[in-house]
file entry_5.cif (mmCIF, C-alpha atoms)
data_structure
loop_
_atom_site.group_PDB
_atom_site.id
_atom_site.type_symbol
_atom_site.label_atom_id
_atom_site.label_comp_id
_atom_site.auth_asym_id
_atom_site.auth_seq_id
_atom_site.Cartn_x
_atom_site.Cartn_y
_atom_site.Cartn_z
ATOM 1 C CA MET A 1 -37.175 0.963 -21.417
ATOM 2 C CA SER A 2 -39.609 0.146 -24.151
ATOM 3 C CA PRO A 3 -42.273 -2.444 -23.226
ATOM 4 C CA PHE A 4 -41.855 -4.221 -26.569
ATOM 5 C CA LEU A 5 -38.153 -4.848 -25.964
ATOM 6 C CA PHE A 6 -38.869 -5.995 -22.409
ATOM 7 C CA TRP A 7 -41.384 -8.584 -23.596
ATOM 8 C CA LEU A 8 -39.149 -9.689 -26.484
ATOM 9 C CA PHE A 9 -36.097 -10.310 -24.303
ATOM 10 C CA ALA A 10 -38.102 -11.822 -21.441
ATOM 11 C CA PHE A 11 -39.729 -14.202 -23.949
ATOM 12 C CA VAL A 12 -36.358 -15.171 -25.492
ATOM 13 C CA MET A 13 -34.843 -15.704 -22.040
ATOM 14 C CA LEU A 14 -37.705 -17.891 -20.763
ATOM 15 C CA VAL A 15 -38.051 -19.967 -23.966
ATOM 16 C CA PHE A 16 -34.332 -20.765 -24.118
ATOM 17 C CA GLY A 17 -34.250 -21.301 -20.340
ATOM 18 C CA ALA A 18 -36.966 -23.934 -20.792
ATOM 19 C CA ALA A 19 -34.979 -25.381 -23.733
ATOM 20 C CA VAL A 20 -32.036 -25.946 -21.347
ATOM 21 C CA VAL A 21 -34.215 -28.254 -19.258
ATOM 22 C CA ILE A 22 -36.115 -29.923 -22.131
ATOM 23 C CA ASN A 23 -33.237 -30.703 -24.556
ATOM 24 C CA ARG A 24 -31.850 -34.225 -24.257
ATOM 25 C CA ASN A 25 -28.546 -33.328 -25.892
ATOM 26 C CA PRO A 26 -26.153 -31.619 -23.405
ATOM 27 C CA ILE A 27 -24.528 -29.480 -26.123
ATOM 28 C CA ALA A 28 -27.926 -28.132 -27.244
ATOM 29 C CA SER A 29 -28.676 -27.354 -23.595
ATOM 30 C CA ALA A 30 -25.405 -25.462 -23.166
ATOM 31 C CA LEU A 31 -25.976 -23.393 -26.323
ATOM 32 C CA SER A 32 -29.548 -22.607 -25.203
ATOM 33 C CA LEU A 33 -28.090 -21.429 -21.903
ATOM 34 C CA VAL A 34 -25.829 -18.971 -23.790
ATOM 35 C CA ILE A 35 -28.849 -17.411 -25.562
ATOM 36 C CA CYS A 36 -30.786 -17.365 -22.274
ATOM 37 C CA PHE A 37 -27.947 -15.388 -20.651
ATOM 38 C CA MET A 38 -27.844 -12.995 -23.624
ATOM 39 C CA GLY A 39 -31.545 -12.225 -23.062
ATOM 40 C CA LEU A 40 -30.893 -11.791 -19.355
ATOM 41 C CA SER A 41 -28.070 -9.330 -19.991
ATOM 42 C CA ALA A 42 -30.394 -7.358 -22.308
ATOM 43 C CA LEU A 43 -32.870 -7.171 -19.398
ATOM 44 C CA PHE A 44 -30.066 -5.912 -17.124
ATOM 45 C CA ILE A 45 -29.245 -3.193 -19.661
ATOM 46 C CA SER A 46 -32.948 -2.254 -19.875
ATOM 47 C CA LEU A 47 -32.710 -1.633 -16.102
ATOM 48 C CA ASP A 48 -29.793 0.827 -16.706
ATOM 49 C CA ALA A 49 -27.319 -1.647 -15.157
ATOM 50 C CA PHE A 50 -24.826 -1.484 -18.022
ATOM 51 C CA PHE A 51 -21.856 -2.757 -16.050
ATOM 52 C CA ILE A 52 -23.723 -5.842 -14.797
ATOM 53 C CA GLY A 53 -25.028 -6.524 -18.306
ATOM 54 C CA ILE A 54 -21.527 -6.472 -19.797
ATOM 55 C CA ILE A 55 -20.155 -8.608 -16.940
ATOM 56 C CA GLN A 56 -22.966 -11.100 -17.555
ATOM 57 C CA VAL A 57 -21.967 -11.525 -21.209
ATOM 58 C CA LEU A 58 -18.233 -11.652 -20.474
ATOM 59 C CA VAL A 59 -18.317 -14.026 -17.504
ATOM 60 C CA TYR A 60 -21.285 -16.275 -18.290
ATOM 61 C CA ALA A 61 -21.674 -16.343 -22.056
ATOM 62 C CA GLY A 62 -17.901 -16.082 -22.447
ATOM 63 C CA ALA A 63 -16.040 -17.945 -19.738
ATOM 64 C CA VAL A 64 -18.493 -20.205 -17.909
ATOM 65 C CA MET A 65 -20.201 -21.570 -21.015
ATOM 66 C CA VAL A 66 -16.882 -22.305 -22.738
ATOM 67 C CA LEU A 67 -15.968 -24.284 -19.603
ATOM 68 C CA PHE A 68 -19.268 -26.195 -19.796
ATOM 69 C CA LEU A 69 -18.814 -27.010 -23.497
ATOM 70 C CA PHE A 70 -15.206 -28.010 -22.885
ATOM 71 C CA ILE A 71 -16.223 -30.449 -20.126
ATOM 72 C CA ILE A 72 -19.032 -31.909 -22.272
ATOM 73 C CA MET A 73 -16.474 -32.434 -25.038
ATOM 74 C CA LEU A 74 -13.936 -33.912 -22.600
ATOM 75 C CA LEU A 75 -16.434 -36.414 -21.181
ATOM 76 C CA ASP A 76 -17.642 -37.222 -24.720
ATOM 77 C CA LEU A 77 -21.297 -37.123 -23.695
ATOM 78 C CA ARG A 78 -23.619 -38.235 -26.469
ATOM 79 C CA MET A 79 -27.354 -38.004 -26.658
ATOM 80 C CA GLU A 80 -28.749 -39.442 -23.462
ATOM 81 C CA GLN A 81 -30.010 -42.944 -24.091
ATOM 82 C CA LEU A 82 -33.730 -42.980 -23.477
ATOM 83 C CA ARG A 83 -34.341 -44.460 -20.073
ATOM 84 C CA LYS A 84 -37.724 -45.446 -18.811
ATOM 85 C CA LEU A 85 -39.324 -42.200 -17.640
ATOM 86 C CA ASN A 86 -40.656 -42.423 -14.103
ATOM 87 C CA ILE A 87 -44.074 -40.789 -14.627
ATOM 88 C CA VAL A 88 -44.804 -40.382 -10.907
ATOM 89 C CA ALA A 89 -41.465 -38.643 -10.274
ATOM 90 C CA VAL A 90 -41.906 -36.305 -13.280
ATOM 91 C CA ALA A 91 -45.472 -35.409 -12.281
ATOM 92 C CA GLY A 92 -44.390 -34.851 -8.665
ATOM 93 C CA GLY A 93 -41.486 -32.625 -9.707
ATOM 94 C CA LEU A 94 -43.698 -30.543 -12.010
ATOM 95 C CA ALA A 95 -46.335 -30.203 -9.267
ATOM 96 C CA VAL A 96 -43.756 -28.992 -6.725
ATOM 97 C CA ALA A 97 -42.313 -26.479 -9.212
ATOM 98 C CA MET A 98 -45.786 -25.173 -10.165
ATOM 99 C CA ALA A 99 -46.798 -24.844 -6.483
ATOM 100 C CA PHE A 100 -43.588 -22.886 -5.909
ATOM 101 C CA PHE A 101 -44.335 -20.528 -8.818
ATOM 102 C CA ILE A 102 -47.943 -19.977 -7.690
ATOM 103 C CA GLN A 103 -46.632 -19.022 -4.257
ATOM 104 C CA ILE A 104 -44.191 -16.499 -5.775
ATOM 105 C CA TYR A 105 -47.021 -15.116 -7.920
ATOM 106 C CA PHE A 106 -49.287 -14.469 -4.940
ATOM 107 C CA VAL A 107 -46.491 -12.945 -2.835
ATOM 108 C CA ILE A 108 -45.642 -10.521 -5.671
ATOM 109 C CA GLY A 109 -49.381 -9.821 -6.142
ATOM 110 C CA GLN A 110 -49.630 -8.672 -2.530
ATOM 111 C CA LEU A 111 -46.571 -6.403 -2.826
ATOM 112 C CA SER A 112 -47.921 -2.872 -3.362
ATOM 113 C CA ALA A 113 -44.592 -1.646 -4.808
ATOM 114 C CA ALA A 114 -44.870 -4.235 -7.588
ATOM 115 C CA LYS A 115 -47.633 -2.243 -9.315
ATOM 116 C CA GLN A 116 -45.651 1.001 -9.488
ATOM 117 C CA PRO A 117 -43.597 1.923 -12.555
ATOM 118 C CA PHE A 118 -39.873 2.622 -12.244
ATOM 119 C CA PRO A 119 -39.082 6.220 -11.173
ATOM 120 C CA PRO A 120 -37.039 8.211 -13.723
ATOM 121 C CA LEU A 121 -33.299 8.600 -13.220
ATOM 122 C CA ALA A 122 -31.838 12.059 -12.523
ATOM 123 C CA ALA A 123 -29.593 11.856 -15.595
ATOM 124 C CA VAL A 124 -29.867 9.845 -18.802
ATOM 125 C CA LYS A 125 -26.252 8.691 -18.484
ATOM 126 C CA THR A 126 -25.203 6.992 -15.253
ATOM 127 C CA ASP A 127 -21.549 6.514 -14.383
ATOM 128 C CA ASP A 128 -21.993 2.801 -13.657
ATOM 129 C CA VAL A 129 -18.461 1.418 -13.494
ATOM 130 C CA HIS A 130 -17.277 4.429 -11.508
ATOM 131 C CA ASN A 131 -20.004 4.101 -8.871
ATOM 132 C CA VAL A 132 -19.771 0.308 -8.496
ATOM 133 C CA GLY A 133 -15.983 0.521 -8.266
ATOM 134 C CA LEU A 134 -16.187 3.303 -5.682
ATOM 135 C CA LEU A 135 -18.462 1.158 -3.487
ATOM 136 C CA LEU A 136 -16.267 -1.920 -3.982
ATOM 137 C CA PHE A 137 -13.155 -0.137 -2.745
ATOM 138 C CA THR A 138 -14.780 1.838 0.092
ATOM 139 C CA ASN A 139 -17.742 0.130 1.767
ATOM 140 C CA TYR A 140 -17.031 -3.389 0.549
ATOM 141 C CA THR A 141 -13.238 -3.631 0.764
ATOM 142 C CA LEU A 142 -13.205 -6.608 3.131
ATOM 143 C CA PRO A 143 -15.755 -8.708 1.157
ATOM 144 C CA PHE A 144 -13.818 -7.863 -2.015
ATOM 145 C CA GLN A 145 -10.582 -9.249 -0.537
ATOM 146 C CA VAL A 146 -12.402 -12.313 0.820
ATOM 147 C CA ILE A 147 -13.684 -12.950 -2.728
ATOM 148 C CA GLY A 148 -10.097 -12.761 -3.946
ATOM 149 C CA VAL A 149 -9.057 -15.437 -1.445
ATOM 150 C CA LEU A 150 -12.103 -17.528 -2.465
ATOM 151 C CA VAL A 151 -11.101 -17.438 -6.140
ATOM 152 C CA LEU A 152 -7.533 -18.413 -5.210
ATOM 153 C CA VAL A 153 -8.810 -21.361 -3.124
ATOM 154 C CA ALA A 154 -11.097 -22.421 -5.989
ATOM 155 C CA THR A 155 -8.171 -22.337 -8.442
ATOM 156 C CA ILE A 156 -5.986 -24.489 -6.164
ATOM 157 C CA GLY A 157 -8.919 -26.828 -5.490
ATOM 158 C CA VAL A 158 -9.535 -27.357 -9.208
ATOM 159 C CA ILE A 159 -5.853 -28.169 -9.786
ATOM 160 C CA VAL A 160 -5.862 -30.681 -6.908
ATOM 161 C CA LEU A 161 -9.105 -32.274 -8.113
ATOM 162 C CA SER A 162 -7.854 -32.614 -11.695
ATOM 163 C CA LYS A 163 -4.679 -34.494 -10.754
ATOM 164 C CA ARG A 164 -4.591 -38.039 -12.053
ATOM 165 C CA GLU A 165 -4.322 -39.908 -8.761
ATOM 166 C CA LEU A 166 -6.600 -38.642 -6.001
ATOM 167 C CA ARG A 167 -5.602 -39.641 -2.523
ATOM 168 C CA MET B 1 -46.002 0.209 -18.956
ATOM 169 C CA VAL B 2 -43.437 -2.151 -17.454
ATOM 170 C CA THR B 3 -43.570 -2.197 -13.668
ATOM 171 C CA LEU B 4 -41.379 -3.732 -10.992
ATOM 172 C CA GLY B 5 -43.845 -6.629 -10.729
ATOM 173 C CA HIS B 6 -43.202 -7.672 -14.347
ATOM 174 C CA TYR B 7 -39.491 -8.057 -13.716
ATOM 175 C CA LEU B 8 -40.153 -9.952 -10.477
ATOM 176 C CA ILE B 9 -42.579 -12.350 -12.206
ATOM 177 C CA VAL B 10 -40.091 -12.994 -15.034
ATOM 178 C CA SER B 11 -37.388 -13.602 -12.423
ATOM 179 C CA GLY B 12 -39.708 -16.006 -10.576
ATOM 180 C CA MET B 13 -40.429 -17.863 -13.841
ATOM 181 C CA LEU B 14 -36.701 -18.257 -14.549
ATOM 182 C CA PHE B 15 -36.135 -19.509 -11.001
ATOM 183 C CA THR B 16 -39.004 -22.001 -11.389
ATOM 184 C CA ILE B 17 -37.515 -23.308 -14.666
ATOM 185 C CA GLY B 18 -34.180 -23.870 -12.924
ATOM 186 C CA PHE B 19 -35.911 -25.485 -9.948
ATOM 187 C CA ALA B 20 -37.883 -27.828 -12.224
ATOM 188 C CA GLY B 21 -34.651 -28.692 -14.044
ATOM 189 C CA VAL B 22 -32.967 -29.720 -10.795
ATOM 190 C CA LEU B 23 -35.988 -31.837 -9.826
ATOM 191 C CA LEU B 24 -36.699 -33.460 -13.198
ATOM 192 C CA ARG B 25 -33.374 -34.026 -14.955
ATOM 193 C CA ARG B 26 -31.004 -36.896 -14.144
ATOM 194 C CA ASN B 27 -27.924 -35.695 -16.046
ATOM 195 C CA ILE B 28 -25.584 -34.054 -13.537
ATOM 196 C CA ILE B 29 -24.330 -31.439 -16.045
ATOM 197 C CA ILE B 30 -27.895 -30.307 -16.843
ATOM 198 C CA ILE B 31 -28.605 -30.102 -13.097
ATOM 199 C CA PHE B 32 -25.556 -27.869 -12.799
ATOM 200 C CA MET B 33 -26.805 -25.594 -15.626
ATOM 201 C CA SER B 34 -30.186 -25.350 -13.868
ATOM 202 C CA LEU B 35 -28.388 -24.160 -10.721
ATOM 203 C CA GLU B 36 -26.861 -21.373 -12.813
ATOM 204 C CA LEU B 37 -30.345 -20.409 -14.040
ATOM 205 C CA MET B 38 -31.549 -20.065 -10.437
ATOM 206 C CA LEU B 39 -28.565 -17.893 -9.438
ATOM 207 C CA ASN B 40 -29.233 -15.607 -12.404
ATOM 208 C CA ALA B 41 -32.930 -15.329 -11.564
ATOM 209 C CA ALA B 42 -31.913 -13.989 -8.143
ATOM 210 C CA ASN B 43 -29.569 -11.520 -9.874
ATOM 211 C CA LEU B 44 -32.414 -10.232 -12.071
ATOM 212 C CA SER B 45 -34.650 -9.413 -9.109
ATOM 213 C CA LEU B 46 -31.737 -7.743 -7.279
ATOM 214 C CA VAL B 47 -31.023 -5.488 -10.260
ATOM 215 C CA ALA B 48 -34.746 -4.677 -10.632
ATOM 216 C CA PHE B 49 -34.905 -3.588 -6.983
ATOM 217 C CA SER B 50 -31.695 -1.591 -7.435
ATOM 218 C CA ARG B 51 -33.333 0.371 -10.292
ATOM 219 C CA PHE B 52 -36.593 0.773 -8.352
ATOM 220 C CA ARG B 53 -35.194 2.183 -5.081
ATOM 221 C CA LEU B 54 -33.337 5.255 -6.283
ATOM 222 C CA THR B 55 -30.947 7.084 -3.962
ATOM 223 C CA PRO B 56 -31.915 10.707 -3.095
ATOM 224 C CA ASP B 57 -29.719 12.086 -5.901
ATOM 225 C CA GLY B 58 -31.574 10.010 -8.500
ATOM 226 C CA LEU B 59 -29.078 7.190 -9.079
ATOM 227 C CA PRO B 60 -29.817 3.452 -8.899
ATOM 228 C CA ASN B 61 -28.965 1.841 -5.570
ATOM 229 C CA TYR B 62 -25.501 0.527 -6.359
ATOM 230 C CA ASN B 63 -25.299 -1.639 -3.224
ATOM 231 C CA ALA B 64 -27.458 -4.234 -4.997
ATOM 232 C CA GLN B 65 -25.223 -4.144 -8.076
ATOM 233 C CA VAL B 66 -22.141 -4.758 -5.939
ATOM 234 C CA PHE B 67 -24.020 -7.702 -4.446
ATOM 235 C CA VAL B 68 -24.766 -9.036 -7.957
ATOM 236 C CA PHE B 69 -21.071 -8.637 -8.813
ATOM 237 C CA PHE B 70 -20.180 -10.807 -5.811
ATOM 238 C CA ILE B 71 -22.784 -13.420 -6.772
ATOM 239 C CA ILE B 72 -21.378 -13.639 -10.315
ATOM 240 C CA THR B 73 -17.836 -14.065 -8.955
ATOM 241 C CA VAL B 74 -18.846 -16.789 -6.502
ATOM 242 C CA ALA B 75 -20.890 -18.538 -9.233
ATOM 243 C CA ALA B 76 -17.875 -18.565 -11.561
ATOM 244 C CA ALA B 77 -15.690 -20.118 -8.843
ATOM 245 C CA GLU B 78 -18.454 -22.611 -8.082
ATOM 246 C CA VAL B 79 -18.713 -23.661 -11.750
ATOM 247 C CA ALA B 80 -14.956 -24.289 -11.928
ATOM 248 C CA VAL B 81 -14.907 -26.443 -8.771
ATOM 249 C CA GLY B 82 -18.161 -28.239 -9.621
ATOM 250 C CA LEU B 83 -17.026 -29.183 -13.123
ATOM 251 C CA ALA B 84 -13.699 -30.446 -11.733
ATOM 252 C CA ILE B 85 -15.660 -32.650 -9.303
ATOM 253 C CA ILE B 86 -17.837 -33.916 -12.190
ATOM 254 C CA VAL B 87 -14.716 -34.812 -14.198
ATOM 255 C CA ALA B 88 -13.232 -36.651 -11.177
ATOM 256 C CA LEU B 89 -16.551 -38.451 -10.687
ATOM 257 C CA TYR B 90 -16.657 -39.430 -14.358
ATOM 258 C CA ARG B 91 -13.134 -40.858 -14.134
ATOM 259 C CA ALA B 92 -14.139 -42.970 -11.136
ATOM 260 C CA ARG B 93 -17.589 -44.134 -12.325
ATOM 261 C CA GLN B 94 -17.824 -43.512 -16.120
ATOM 262 C CA THR B 95 -21.292 -41.968 -15.752
ATOM 263 C CA THR B 96 -22.958 -38.568 -15.362
ATOM 264 C CA HIS B 97 -26.347 -40.033 -14.535
ATOM 265 C CA VAL B 98 -27.291 -39.335 -10.913
ATOM 266 C CA GLU B 99 -29.288 -42.561 -10.568
ATOM 267 C CA ASP B 100 -26.114 -44.581 -11.167
ATOM 268 C CA ILE B 101 -24.379 -42.877 -8.251
ATOM 269 C CA ASN B 102 -26.225 -44.395 -5.303
ATOM 270 C CA SER B 103 -23.547 -45.789 -2.958
ATOM 271 C CA LEU B 104 -24.812 -43.608 -0.103
ATOM 272 C CA LYS B 105 -28.448 -44.438 -0.749
ATOM 273 C CA PHE B 106 -30.155 -46.210 2.128
#

call {"tool": "encode", "arguments": {"input": "entry_5.cif", "output": "structure tokens"}}
result
Amino acid sequence: MSPFLFWLFAFVMLVFGAAVVINRNPIASALSLVICFMGLSALFISLDAFFIGIIQVLVYAGAVMVLFLFIIMLLDLRMEQLRKLNIVAVAGGLAVAMAFFIQIYFVIGQLSAAKQPFPPLAAVKTDDVHNVGLLLFTNYTLPFQVIGVLVLVATIGVIVLSKRELR
Amino acid sequence: MVTLGHYLIVSGMLFTIGFAGVLLRRNIIIIFMSLELMLNAANLSLVAFSRFRLTPDGLPNYNAQVFVFFIITVAAAEVAVGLAIIVALYRARQTTHVEDINSLKF
């Protein structure tokens, strides 16, 4: 993994992640989120996790973001009208978030493994899909089936919630 | 030289952005997008650890990647249900602003 590409994609991901929060227009936020997830999937691929990187693009940038844009269109959300900004609440929220990040920074600073570079892989090509699939259908069979039931329940729940008259 | 710490710091920054979004924004859809950012920050650190702790035969630790796969699946289901709830809420109240939804507020 070349350091230049790491910094480039990390920068793109963080800038567009911040744009999600800063933009006042929901559609601009959703499109920034797509680019943020693209940068994240590039970081996954730089960590030799090709399968996860592809899944990230397919599921998030493909399916989830289309759902978000569709809902924004359905609700016909315009630019947020400018409300009076509560300065105390904004300053408090920023202070809590910064304190949280400083804590993470010091915890990672104390981790001795954090200063070591990544060890080289045995082979240049890893058989990603094969290995993840093997684990899914051997060690993690029960969680895999539970996830299947969860997705089914979510599908039925969405249909019930979207019916016109809720009882 | 990119070390494990760099990936963890970037993951922490992404999590902090999502956290700040949940605290600062009042539009329920943006809050929902910030939740997605936080889930993905956790995924990034899991994948970084998976690449860092190699198995004895020199492969990444695929247990973490299976875990990330599960997180992505649960997040997709969560987005579908959450957006359906937002649509139902919008039908009932005609707003996506969390300060207008204060019936339970003391």

call {"tool": "atom_distance", "arguments": {"input": "entry_5.cif", "atom1": "CA of Phe69 (chain B)", "atom2": "CA of Val151 (chain A)"}}
result
13.6 Å

call {"tool": "closest_residue", "arguments": {"input": "entry_5.cif", "among": "A:Ile87, A:Ala114, A:Leu8, A:Val57", "to": "chain B", "atoms": "all atoms listed in the file"}}
result
A:Ala114

call {"tool": "resolve_selection", "arguments": {"input": "entry_5.cif", "expression": "the PyMOL selection byres ((chain B) within 7 of (chain A))", "output": "PyMOL selection string"}}
result
chain B and resi 1-5+9-10+12-14+16-17+19-21+23-24+30+47-48+51-52+57-59+62+66+76-77+80-81+84-85+88

call {"tool": "atom_distance", "arguments": {"input": "entry_5.cif", "atom1": "CA of Ala64 (chain B)", "atom2": "CA of Leu37 (chain B)"}}
result
18.8 Å

call {"tool": "axis_aligned_box", "arguments": {"input": "entry_5.cif", "around": "region 142-159 of chain A", "padding_each_side": "3 Å", "output": "AutoDock Vina command-line options"}}
result
--center_x -10.8 --center_y -17.4 --center_z -3.3 --size_x 15.9 --size_y 27.6 --size_z 18.9

call {"tool": "atom_distance", "arguments": {"input": "entry_5.cif", "atom1": "CA of Gln110 (chain A)", "atom2": "CA of Asn43 (chain B)"}}
result
21.6 Å

call {"tool": "residues_around", "arguments": {"input": "entry_5.cif", "residues": "Leu35 (chain B)", "least_positions_apart": "6", "cutoff": "10 Å", "atoms": "all atoms listed in the file", "output": "list in words"}}
result
Phe15, Ile17, Gly18, Phe19, Gly21, Val22, Ile29, Ala41, Ala75 and Val79 of chain B

call {"tool": "resolve_selection", "arguments": {"input": "entry_5.cif", "expression": "the PyMOL selection byres ((chain B and resi 99) around 12)", "output": "list in words"}}
result
Arg83 and Asn86 of chain A; Arg25, Arg26, Asn27, Ile28, Arg93, Thr95, Thr96, His97, Val98, Asp100, Ile101, Asn102, Ser103, Leu104 and Lys105 of chain B

call {"tool": "decode", "arguments": {"input": "entry_5.cif", "residues": "region 62-80 of chain B", "atoms": "N, CA and C atoms", "output": "tab-separated table (two decimals), in the first residue's frame"}}
result
chain	number	residue	atom	x	y	z
B	62	TYR	N	-9.40	-13.73	8.76
B	62	TYR	CA	-10.68	-13.55	8.09
B	62	TYR	C	-11.86	-13.50	9.04
B	63	ASN	N	-11.65	-13.84	10.33
B	63	ASN	CA	-12.75	-13.74	11.29
B	63	ASN	C	-13.28	-12.30	11.34
B	64	ALA	N	-12.36	-11.33	11.33
B	64	ALA	CA	-12.77	-9.92	11.38
B	64	ALA	C	-13.54	-9.55	10.14
B	65	GLN	N	-13.16	-10.10	8.97
B	65	GLN	CA	-13.86	-9.73	7.75
B	65	GLN	C	-15.26	-10.32	7.72
B	66	VAL	N	-15.42	-11.52	8.32
B	66	VAL	CA	-16.77	-12.08	8.43
B	66	VAL	C	-17.62	-11.18	9.33
B	67	PHE	N	-16.99	-10.68	10.39
B	67	PHE	CA	-17.68	-9.78	11.32
B	67	PHE	C	-18.13	-8.51	10.58
B	68	VAL	N	-17.23	-7.95	9.74
B	68	VAL	CA	-17.58	-6.76	8.97
B	68	VAL	C	-18.74	-7.06	8.02
B	69	PHE	N	-18.72	-8.24	7.42
B	69	PHE	CA	-19.81	-8.67	6.53
B	69	PHE	C	-21.14	-8.66	7.28
B	70	PHE	N	-21.14	-9.17	8.52
B	70	PHE	CA	-22.36	-9.17	9.32
B	70	PHE	C	-22.79	-7.74	9.65
B	71	ILE	N	-21.82	-6.88	9.98
B	71	ILE	CA	-22.18	-5.49	10.31
B	71	ILE	C	-22.83	-4.81	9.12
B	72	ILE	N	-22.27	-5.04	7.91
B	72	ILE	CA	-22.84	-4.40	6.72
B	72	ILE	C	-24.26	-4.90	6.48
B	73	THR	N	-24.49	-6.21	6.69
B	73	THR	CA	-25.84	-6.76	6.48
B	73	THR	C	-26.83	-6.15	7.46
B	74	VAL	N	-26.44	-6.11	8.75
B	74	VAL	CA	-27.34	-5.56	9.76
B	74	VAL	C	-27.59	-4.07	9.49
B	75	ALA	N	-26.55	-3.34	9.04
B	75	ALA	CA	-26.71	-1.91	8.75
B	75	ALA	C	-27.69	-1.71	7.61
B	76	ALA	N	-27.63	-2.58	6.59
B	76	ALA	CA	-28.55	-2.44	5.46
B	76	ALA	C	-29.98	-2.66	5.92
B	77	ALA	N	-30.21	-3.69	6.76
B	77	ALA	CA	-31.55	-3.94	7.28
B	77	ALA	C	-32.02	-2.76	8.13
B	78	GLU	N	-31.08	-2.21	8.92
B	78	GLU	CA	-31.41	-1.09	9.80
B	78	GLU	C	-31.81	0.14	8.99
B	79	VAL	N	-31.10	0.40	7.87
B	79	VAL	CA	-31.45	1.54	7.03
B	79	VAL	C	-32.85	1.38	6.48
B	80	ALA	N	-33.19	0.16	6.02
B	80	ALA	CA	-34.52	-0.04	5.43
B	80	ALA	C	-35.60	0.23	6.47
